[in-house]
Structures are given as structure tokens and as C-alpha cells.
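**Q** Quick one: the structure is below, and I'll ask about it shortly.
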Amino acid sequence: MIECWEDFKKLLDDTGYSGPRRNRKKDPKIYILTYPDKVGWNHSIYRQAQMTYMQISGGDTGAGSGHHVILCRQSEVRNVLLECVQMDLGTHAMICSVGMLFVVTITEEGLPKSGIVSFDEFSKTNNYMRAHIIAKPNQKAHIHHQHVELNLDIWKTFKFPNIFDRWEKYIRSDDNYHDDYTPSWIKPKGLPKIINFPVEERNRKVFSYHRNQKDTWKRIESGEFKFNSNWFESQPYFRGLTRNFSDGVNYYVENNEKPFRHVHEIKKEFDLIISPCGGYSTEYYSNKLNLSKNTEIVLYDHDQNLIDIKKMTIDMKMPFEDIKKLEKLYEPDEVSFVYNLKYQEDRWTEYGDIETLINYQREMDDNYDVEFWLMNLIEPDYNRIIEKVKGKNVFLNTSNIFSYHKVLLYYPLDVIWESYNKLEDILKSNCNDLLWIGTNPNKCWRHLK
């Protein structure tokens with residue numbers, strides 16, 4: 001159970017965070033997730049912390065890993081920043097409070113346009129700071145803790161001021177983004193100019209302001225919450241979530257992760273392949289791995305529609321261009337057919353050209369016994385898995401399922417880790433030999449032998 005902020009930090013510490021600390025020459029950016037000291041902990045705060053952490057821990061859309069992420073209380077931010085400067089860990093820091101939510105589904109010319117991308121653009125400027133400025137008339141001005149971007153080299157030059165100080169003396173722009181206290185920039189006495197986030201970036205994020213969301217998160221976790229309803233119009237946080245999620249399921253026509261790079265080095269013979277329906281990764285591995293004529297292949301997914309689509313493509317020996325015709329069989333809010341965007345194309349091409357993959361699929365269907373399992377890997381029928389893998393050499397592909405964005409939406413992180421660890425124990429106890437590829441719940445790709 002995650003009953004406090006320290007429990008959440010410990011879970012991430014114990015599971016390796018999301019990736020290694022980067023050398024500033026490779027990636028000079030640091031990401032800090034803060035917990036306001038005066039905010040009480042409850043289940044909705046836990047889920048908000050998980051959502052913000054996962055979004056800033058890697059990749060332009062939060063789907064990757066590898067960012068240097070530090071967790072601390074808001075009162076500890078200055079000391080953490082000082083440590084980063086003293087250890088020369090980076091040049092720029094993004095500081096996000098629990099409850100910050102970025103919209104990550106917006107693209108321009110096939111490339112993501114997210115808060116992470118905007119921070120990368122900021123890190124290439126000579127600006128000191130970007131933040132949400134609050135400068136109410138006849139009151140001291142300050143920045144809001146929800147989201148701050150800071151140039152650490154300039155911060156060092158000005159003797160490490162507390163970024164959450166309040167300033168009595170300052171000059172500010174005459175305009176406001178809203179009301180009379182949100183200027184487009186402010187210059188506190190003795191400090192460089194601080195820039196406010198522009199409208200287009202404000203429209204790509206929301207903040208919860210730590211309002212009680214417990215019942216809504218429980219409804220999401222139980223599957224009762226509907227993202228296409230109008231109930232949440234007065235709840236900006238969940239209105240933001242609806243821009244990242246939908247009620248329907250996604251059928252991934254193309255794989256958006258690269259193939260296992262050591263596949264050509266594997267000499268052992270496998271009796272069983274267990275792999276998801278999406279794309280053509282299973283077909284690829286059925287060709288590249290050393291299989292016997294008795295090898296079994298299990299294609300699984302969590303939704304029957306996805307299984308039906310995959311089965312149709314195989315049974316009908318469907319050319320790639322005909323898959324688009326299947327889209328007419330489903331409503332958009334039922335099944336979305338997902339193709340790779342521009343920035344994902346290189347991952348797909350490493351599997352080979354589409355005609356080669358279609359041939360792999362036909363060879364797989366002709367040469368091996370292929371089964372289809374309806375299976376939610378987070379809550380599977382473990383007895384069925386044990387019976388299938390017992391005494392066999394098993395190749396298991398879980399892709400990014402344990403860190404899939406909808407899995408991270410519907411399940412608390414500690415529950416996902418419990419499921420992941422239980423599956424690992426069962427496989428090690430029952431397989432004769434095992435090669436497991438896929439991400440762990442912290443989005444790190446690993447292969448387990």
C-alpha cells in the first residue's frame with residue numbers, strides 16, 4: 001500500500017526509478033517532481049503523483065524512460081537544485097508539482113508538441129525562467145509551484161535565489177493572460193526577467209490544484225468512468241485526461257517499438273512463443289527465432305475486438321493495404337486503428353518491409369499451431385499460464401504492456417509492480433527456459449533470461 005509520499009518515493013527507489021542519471025553533455029535536463037508540504041496524502045493525490053511522474057520520466061509524450069527524475073517535497077526544492085549545480089548534473093530543470101497534467105496527443109507535422117518538447121526548446125534559449133506568474137495588485141508577486149522551468153547556469157550566477165520567494169519590488173508587463181494578475185513577464189528587483197507560459201502552452205496542460213478526486217479515480221480503476229461523457233466539464237483535470245485517453249481500444253497496425261536487438265544471437269530452440277496481437281512483431285520473431293515444427297504460438301490481447309481483427313488479418317491472408325477496410329467495421333469510439341507517426345517510423349522499418357512481414361505472417365500460420373487468448377496481462381489467469389508454459393522453453397513478449405498509458409491510467413503503480421513480479425515468479429518456477437522481453441512498470445525495456 002502507498003500510504004504517503006515517502007512510500008511513493010520508496011517504491012520508485014526500490015524499482016530503479018525510470019532510467020539512469022544522464023551525463024549533462026548527453027542530456028543536460030533535469031526533471032523534479034515536487035509534493036507540496038501542506039497537501040494531505042490520499043488515493044487521488046497518489047494517482048496524480050503517478051500520472052505526473054510517468055509523464056516527465058521519459059520521451060516527448062511520456063511513453064519513454066531515461067529522464068533524470070528527482071522526487072522531493074516542495075520545501076526541499078532549493079536544496080535539490082543546489083545539489084544538482086554542485087554535482088554538475090545539468091543546465092536546466094523542469095519542476096512540476098504533483099497534479100500537473102500535460103496533454104500529449106497534439107502533433108504538428110507528425111511530431112509531438114507537448115510540455116516536454118517545449119521544455120527542450122526552452123533549454124536551448126538564454127532565458128532565465130518560465131513559470132506561472134501571480135502578481136496581484138497591492139500584493140507581493142510570486143510564481144505558482146505547479147510548473148517551473150529554470151536555467152541553472154543563470155540561477156547560479158544570481159547566487160541561487162529561492163525560486164518560490166515573494167517579491168515586493170518588481171516591474172511587470174502591462175498585459176495579462178487572464179484577470180489582472182497574470183503578466184506575460186515580470187522582473188523582480190535584482191533578478192533576471194521571468195517569462196510566463198504563453199496561451200498555446202497553457203492550453204496543452206491542466207493542474208488539479210489538489211482537489212479531492214478520490215471517487216473519480218476509483219471509478220476509473222473499476223472501469224465505470226466514461227471519457228466520452230460530459231460529467232467532468234467542471235473538472236479541468238479530468239477534462240485534460242479526456243484529451244489523452246478515450247473509452248475505446250487501440251489496434252496497433254504497426255509496431256511502435258524496435259525489435260529485440262539480440263534476436264539474431266539466440267541459439268536455443270523455443271517450444272512456445274507468447275506475444276501480443278498488435279503489429280507484426282510476433283510474425284517477425286517466429287521467423288528469426290529457432291523454433292521446432294512443434295512450437296506453439298499464443299497471440300493474446302485484453303479485448304476481444306483486437307483478437308478478432310488480428311485473426312481476420314491472418315485467416316484472410318490480408319494484404320496490408322486492406323487493413324484499412326476493417327476500420328469500417330468499428331465505430332471510432334470502439335476501436336481506433338493506430339499507425340505510426342513521423343517520429344516513430346524508424347522503429348517500424350527495423351522489422352523489415354511490409355511485404356516481408358506479410359510473408360512472415362503467412363509462414364507462421366502455415367507452419368505453427370497458433371492460438372488466440374483473451375488475456376489482461378495485469379490480471380491474467382495464472383493457472384492457464386502455468387499449464388501452458390510448464391517445462392517448456394518459452395519466449396514471452398509483453399511489449400510495453402506493463403507501462404502502457406492505459407494500464408498506468410487504470411491501475412495504481414504498486415499494483416502493476418505486484419502483477420509484474422508475480423508473473424516473473426511464476427515463469428521462473430515453471431518454464432524450463434525463459435526469454436522475456438518488454439518494459440517493466442517504470443517503462444524500462446529489459447530482457448529476462
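Chain labels A, B, ... are given in the sequence in which chains occur in the C-alpha cells; within each chain residues are numbered consecutively from 1, and ligands are likewise numbered from 1 in the order shown.
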Which polymer residues have any atom within 8 Å of an atom of Asn305 of chain A, counting only C-alpha atoms, with same-chain residues fewer than 3 positions away left out, as a PyMOL selection string?
**A** chain A and resi 308-309+335
**Q** Write out the residues from the selection above, keeping N, CA and C atoms, as a short mmCIF file (atom, residue, chain, number, x, y, z; two decimals), in the first residue's frame.
**A**
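Just written: result.cif:
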```cif
data_model
loop_
_atom_site.label_atom_id
_atom_site.label_comp_id
_atom_site.auth_asym_id
_atom_site.auth_seq_id
_atom_site.Cartn_x
_atom_site.Cartn_y
_atom_site.Cartn_z
N ASP A 308 -10.12 -10.40 -32.66
CA ASP A 308 -10.87 -10.67 -33.89
C ASP A 308 -10.19 -10.02 -35.10
N ILE A 309 -9.70 -8.80 -34.93
CA ILE A 309 -9.02 -8.11 -36.03
C ILE A 309 -7.76 -8.87 -36.43
N VAL A 335 -13.05 1.04 -31.54
CA VAL A 335 -11.68 0.62 -31.87
C VAL A 335 -11.04 1.72 -32.73
#
```
**Q** Give me every helix (DSSP H, G or I) residue in segment 286-395 of chain A, going by DSSP on the backbone, as a PyMOL selection string.
**A** chain A and resi 286-288+304-315+320-329+342-349+354-367+382-389
**Q** Smallest atom-to-atom distance to Pro188 of chain A: which of A:Gly115, A:Pro161, A:Gly110, A:Gly62, using only C-alpha atoms?
**A** A:Pro161
**Q** Could you find all residues in segment 317-387 of chain A that DSSP calls strand (DSSP E) from the backbone, and write them as a count of residues only?
**A** 10
**Q** Please compute the atom CA of Phe225 of chain A-atom CA of Leu101 of chain A distance, one decimal, in Å.
**A**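 Separation of atom CA of Phe225 of chain A and atom CA of Leu101 of chain A: 18.3 Å.
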**Q** Smallest atom-to-atom distance to Tyr35 of chain A: which of A:Glu76, A:Asp369, A:Asp13, A:Glu200, using only C-alpha atoms?
**A**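 Under the stated criterion, the closest residue is A:Glu76.
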**Q** Pick the closest to Asn256 of chain A from A:Gln344, A:Ser173, A:Asn212, A:Ser222: which is it, counting only C-alpha atoms?
**A** A:Gln344
**Q** Of the residues A:Ile274, A:Leu413, A:Val103, A:Ala63, which is the one nearest to Phe8 of chain A, using only C-alpha atoms?
**A** A:Leu413
**Q** Any idea what's packed within 12 Å of Pro276 of chain A, counting only C-alpha atoms, ignoring anything in its chain fewer than 2 positions away? Could you give it as an MDAnalysis selection string?
**A** chainID A and resid 251:252 255 273:274 278:283 285 297:303 306:307 310 371:377 395:401 437:438
**Q** Rounded to one decimal in Å, what is the spacing between atom CA of Cys431 of chain A and atom CA of Thr15 of chain A?
**A** 24.3 Å
**Q** If I take atom CA of Gly99 of chain A and atom CA of Phe207 of chain A, how far is one from the other in Å, to one decimal?
**A**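 Atom CA of Gly99 of chain A sits 5.6 Å away from atom CA of Phe207 of chain A.
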**Q** Could you produce a table of the residues of segment 218-309 of chain A lying within 7 Å of segment 326-334 of chain A, with the nearest pair of atoms per residue and their separation in Å rounded to one decimal, using only C-alpha atoms, ordered by chain and increasing residue number, as CSV?
**A**
```
residue,atom,partner,partner_atom,distance
A:Asp247,CA,A:Asp333,CA,6.4
A:Gly248,CA,A:Glu334,CA,4.4
A:Val249,CA,A:Glu334,CA,6.3
```
**Q** Give me a file of those residues, with C-alpha atoms, as a compact mmCIF listing (two decimals), in the first residue's frame.
**A**
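The resulting file, result.txt, is shown below:
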```txt
# COMPACT_ATOMS: atom_id res chain seq x y z
CA ASP A 247 -13.14 4.81 -23.89
CA GLY A 248 -12.25 2.70 -26.92
CA VAL A 249 -9.29 0.38 -27.50
```
**Q** Mind checking which residues fall within 7 Å of segment 116-130 of chain A, counting only C-alpha atoms, ignoring those fewer than 4 positions away in the same chain, and posting them as JSON, numbers by chain?
**A** {"A": [60, 92, 148, 149, 150, 151, 154, 192, 193, 194, 195, 196, 197]}
**Q** For Gly223 of chain A, which residue among A:Met316, A:Met94, A:Val407, A:Ile134 is the nearest when counting only C-alpha atoms?
**A** A:Val407
